[in-house]
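Each remark here refers to the structure printed beneath this line.
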Amino acid sequence: MIPLLAKVGVSNQSGFGFRIWIPLFLVWLLLLPIAVLLLPVILVVWLVGQLNPFRALAVGWEILSSLRRTHVEVENHNTSVLIHIV
Amino acid sequence: MNENRRQILEMLSAGQISADEAERLIAALEKGQPASTPADGSESRPKTNAKYLRVLVDSEENGKDHGPVKVNVRVPMQLLRAGVKLAGLIPAQARDHVNDAFHKHGMQFDLNQIKPENLEELIEQLNDLTVDVDAADVDRNGSKVKVKVFCE
């Protein structure tokens, strides 16, 4: 299953900071039209290149799905960044 | 108290990991250890099924423009598997170019050798991986760096 939510947080020493939940399911919905637009490109890749587009799509989907529970947190003396994919 | 459990508790007390993470690590530790160890130690430890690769960096730089740096990364193993499959999609010609570049930079690495069946073996080996680097750079502002790479 592809990730549906992501938590992104940024804060710095000057007091600026935010921590938001991003509803990725809405992002995927917004990206769907772009995927449709990309279909001709995929067709060209299939015809011209050596790449099997279906296999590439399957791997892309797998990568997307396996992003769940990824957690990245970096903090230095004045800035901290957090990305957590649910 | 065994060494691994002590390390987890030390990381918790140093604020490197949260209480939830410590609980998960200890649970993973208990899962990976037999309930009772035979006296001769002949029984091998059951293989844990690691789900994540963890990288923890804790740097305490004491310079004027520096401060402590903390990195806490958790990468699902499934992402590694998918990444290897992605490498398998690279056309043969492109793979040769990449291999040439690796060799030019002194890395004896062959992308053609990365196959899903090899990956499973690699991940099995990663289950037992723990890289623990503890370095102190006394000459340069007395910085201390701790790096931990392990699977959970």
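Residue names in the structure tokens use chain letters A, B, ... in the order shown, residue numbers from 1 in each chain, and ligand numbers from 1 in the order shown.
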Could you please write out, as number ranges by chain, every residue of segment 75-131 of chain B that DSSP assigns to strand (DSSP E)? B: 75-76, 130-131
Could you list the residues in chain A lying within 12 Å of chain B, using only C-alpha atoms, and format the result as a VMD selection string? chain A and resid 13 49 to 86
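Pairwise distance (atom CA of Lys51 of chain B, atom CA of Glu23 of chain B) equals 15.6 Å.
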Please identify the alpha helix (DSSP H) residues within chain A (assignment by DSSP from backbone atoms) and present them as number ranges by chain. A: 24-48, 53-65
Please, could you write that set of residues out with C-alpha atoms as a PDB file, in the first residue's frame?
ATOM      1  CA  LEU A  24      -0.338  12.180   0.515  1.00  0.00           C
ATOM      2  CA  PHE A  25      -3.486  10.495  -0.762  1.00  0.00           C
ATOM      3  CA  LEU A  26      -4.580  13.924  -2.001  1.00  0.00           C
ATOM      4  CA  VAL A  27      -1.176  14.444  -3.595  1.00  0.00           C
ATOM      5  CA  TRP A  28      -1.514  11.140  -5.458  1.00  0.00           C
ATOM      6  CA  LEU A  29      -4.942  12.192  -6.670  1.00  0.00           C
ATOM      7  CA  LEU A  30      -3.534  15.495  -7.906  1.00  0.00           C
ATOM      8  CA  LEU A  31      -0.700  13.674  -9.660  1.00  0.00           C
ATOM      9  CA  LEU A  32      -3.019  11.299 -11.497  1.00  0.00           C
ATOM     10  CA  PRO A  33      -3.650  13.723 -14.407  1.00  0.00           C
ATOM     11  CA  ILE A  34       0.130  14.117 -14.780  1.00  0.00           C
ATOM     12  CA  ALA A  35       0.437  10.337 -14.981  1.00  0.00           C
ATOM     13  CA  VAL A  36      -2.095  10.332 -17.796  1.00  0.00           C
ATOM     14  CA  LEU A  37      -0.091  13.037 -19.566  1.00  0.00           C
ATOM     15  CA  LEU A  38       3.020  10.899 -19.172  1.00  0.00           C
ATOM     16  CA  LEU A  39       1.445   7.926 -20.940  1.00  0.00           C
ATOM     17  CA  PRO A  40       2.772   8.956 -24.405  1.00  0.00           C
ATOM     18  CA  VAL A  41       6.269   9.259 -22.926  1.00  0.00           C
ATOM     19  CA  ILE A  42       5.937   5.751 -21.489  1.00  0.00           C
ATOM     20  CA  LEU A  43       4.824   4.515 -24.896  1.00  0.00           C
ATOM     21  CA  VAL A  44       7.894   6.088 -26.551  1.00  0.00           C
ATOM     22  CA  VAL A  45      10.171   4.540 -23.931  1.00  0.00           C
ATOM     23  CA  TRP A  46       8.588   1.171 -24.610  1.00  0.00           C
ATOM     24  CA  LEU A  47       9.006   1.451 -28.370  1.00  0.00           C
ATOM     25  CA  VAL A  48      12.450   3.067 -28.505  1.00  0.00           C
ATOM     26  CA  PRO A  53       7.541   0.185 -18.985  1.00  0.00           C
ATOM     27  CA  PHE A  54       5.277  -2.217 -17.102  1.00  0.00           C
ATOM     28  CA  ARG A  55       8.204  -3.578 -15.133  1.00  0.00           C
ATOM     29  CA  ALA A  56       9.397  -0.020 -14.509  1.00  0.00           C
ATOM     30  CA  LEU A  57       5.934   0.960 -13.282  1.00  0.00           C
ATOM     31  CA  ALA A  58       5.810  -2.107 -11.030  1.00  0.00           C
ATOM     32  CA  VAL A  59       9.183  -1.237  -9.512  1.00  0.00           C
ATOM     33  CA  GLY A  60       8.165   2.414  -9.134  1.00  0.00           C
ATOM     34  CA  TRP A  61       5.018   1.302  -7.338  1.00  0.00           C
ATOM     35  CA  GLU A  62       7.027  -0.994  -5.101  1.00  0.00           C
ATOM     36  CA  ILE A  63       9.424   1.789  -4.189  1.00  0.00           C
ATOM     37  CA  LEU A  64       6.515   4.062  -3.413  1.00  0.00           C
ATOM     38  CA  SER A  65       4.871   1.383  -1.288  1.00  0.00           C
TER      39      SER A  65
END
Shell around segment 8-12 of chain B at 12 Å using only C-alpha atoms, local window under 6 positions removed, as a list in words: Met1, Asn2, Ser18, Ala19, Asp20, Glu21, Ala22, Glu23, Arg24, Leu25, Ile26, Ala27, Ala28, Leu29, Leu56, Val57, Asp58, Asn72, Lys146, Val147, Lys148 and Phe150 of chain B
If I take atom CA of Glu121 of chain B and atom CA of Cys151 of chain B, how far is one from the other in Å, to one decimal? 14.5 Å
Excluding Trp21 of chain A and its own-chain neighbours fewer than 5 positions away, which residues fall within 9 Å of it when counting only C-alpha atoms? Please give them as a JSON list (two decimals) with N, CA, C and O atoms, in the first residue's frame.
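Done, and the output landed in out.json:
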[["chain", "number", "residue", "atom", "x", "y", "z"],
["A", 5, "LEU", "N", 0.04, 9.36, 4.38],
["A", 5, "LEU", "CA", 0.29, 10.58, 5.16],
["A", 5, "LEU", "C", 1.78, 10.77, 5.37],
["A", 5, "LEU", "O", 2.52, 9.79, 5.41],
["A", 6, "ALA", "N", 2.18, 12.00, 5.50],
["A", 6, "ALA", "CA", 3.59, 12.28, 5.84],
["A", 6, "ALA", "C", 3.63, 13.42, 6.84],
["A", 6, "ALA", "O", 2.84, 14.36, 6.74],
["A", 7, "LYS", "N", 4.50, 13.28, 7.79],
["A", 7, "LYS", "CA", 4.67, 14.36, 8.76],
["A", 7, "LYS", "C", 5.98, 15.07, 8.42],
["A", 7, "LYS", "O", 7.03, 14.43, 8.31],
["A", 8, "VAL", "N", 5.90, 16.36, 8.22],
["A", 8, "VAL", "CA", 7.09, 17.15, 7.89],
["A", 8, "VAL", "C", 7.23, 18.26, 8.92],
["A", 8, "VAL", "O", 6.26, 18.99, 9.18],
["A", 9, "GLY", "N", 8.37, 18.37, 9.49],
["A", 9, "GLY", "CA", 8.59, 19.42, 10.48],
["A", 9, "GLY", "C", 9.91, 20.11, 10.26],
["A", 9, "GLY", "O", 10.91, 19.47, 9.95]]
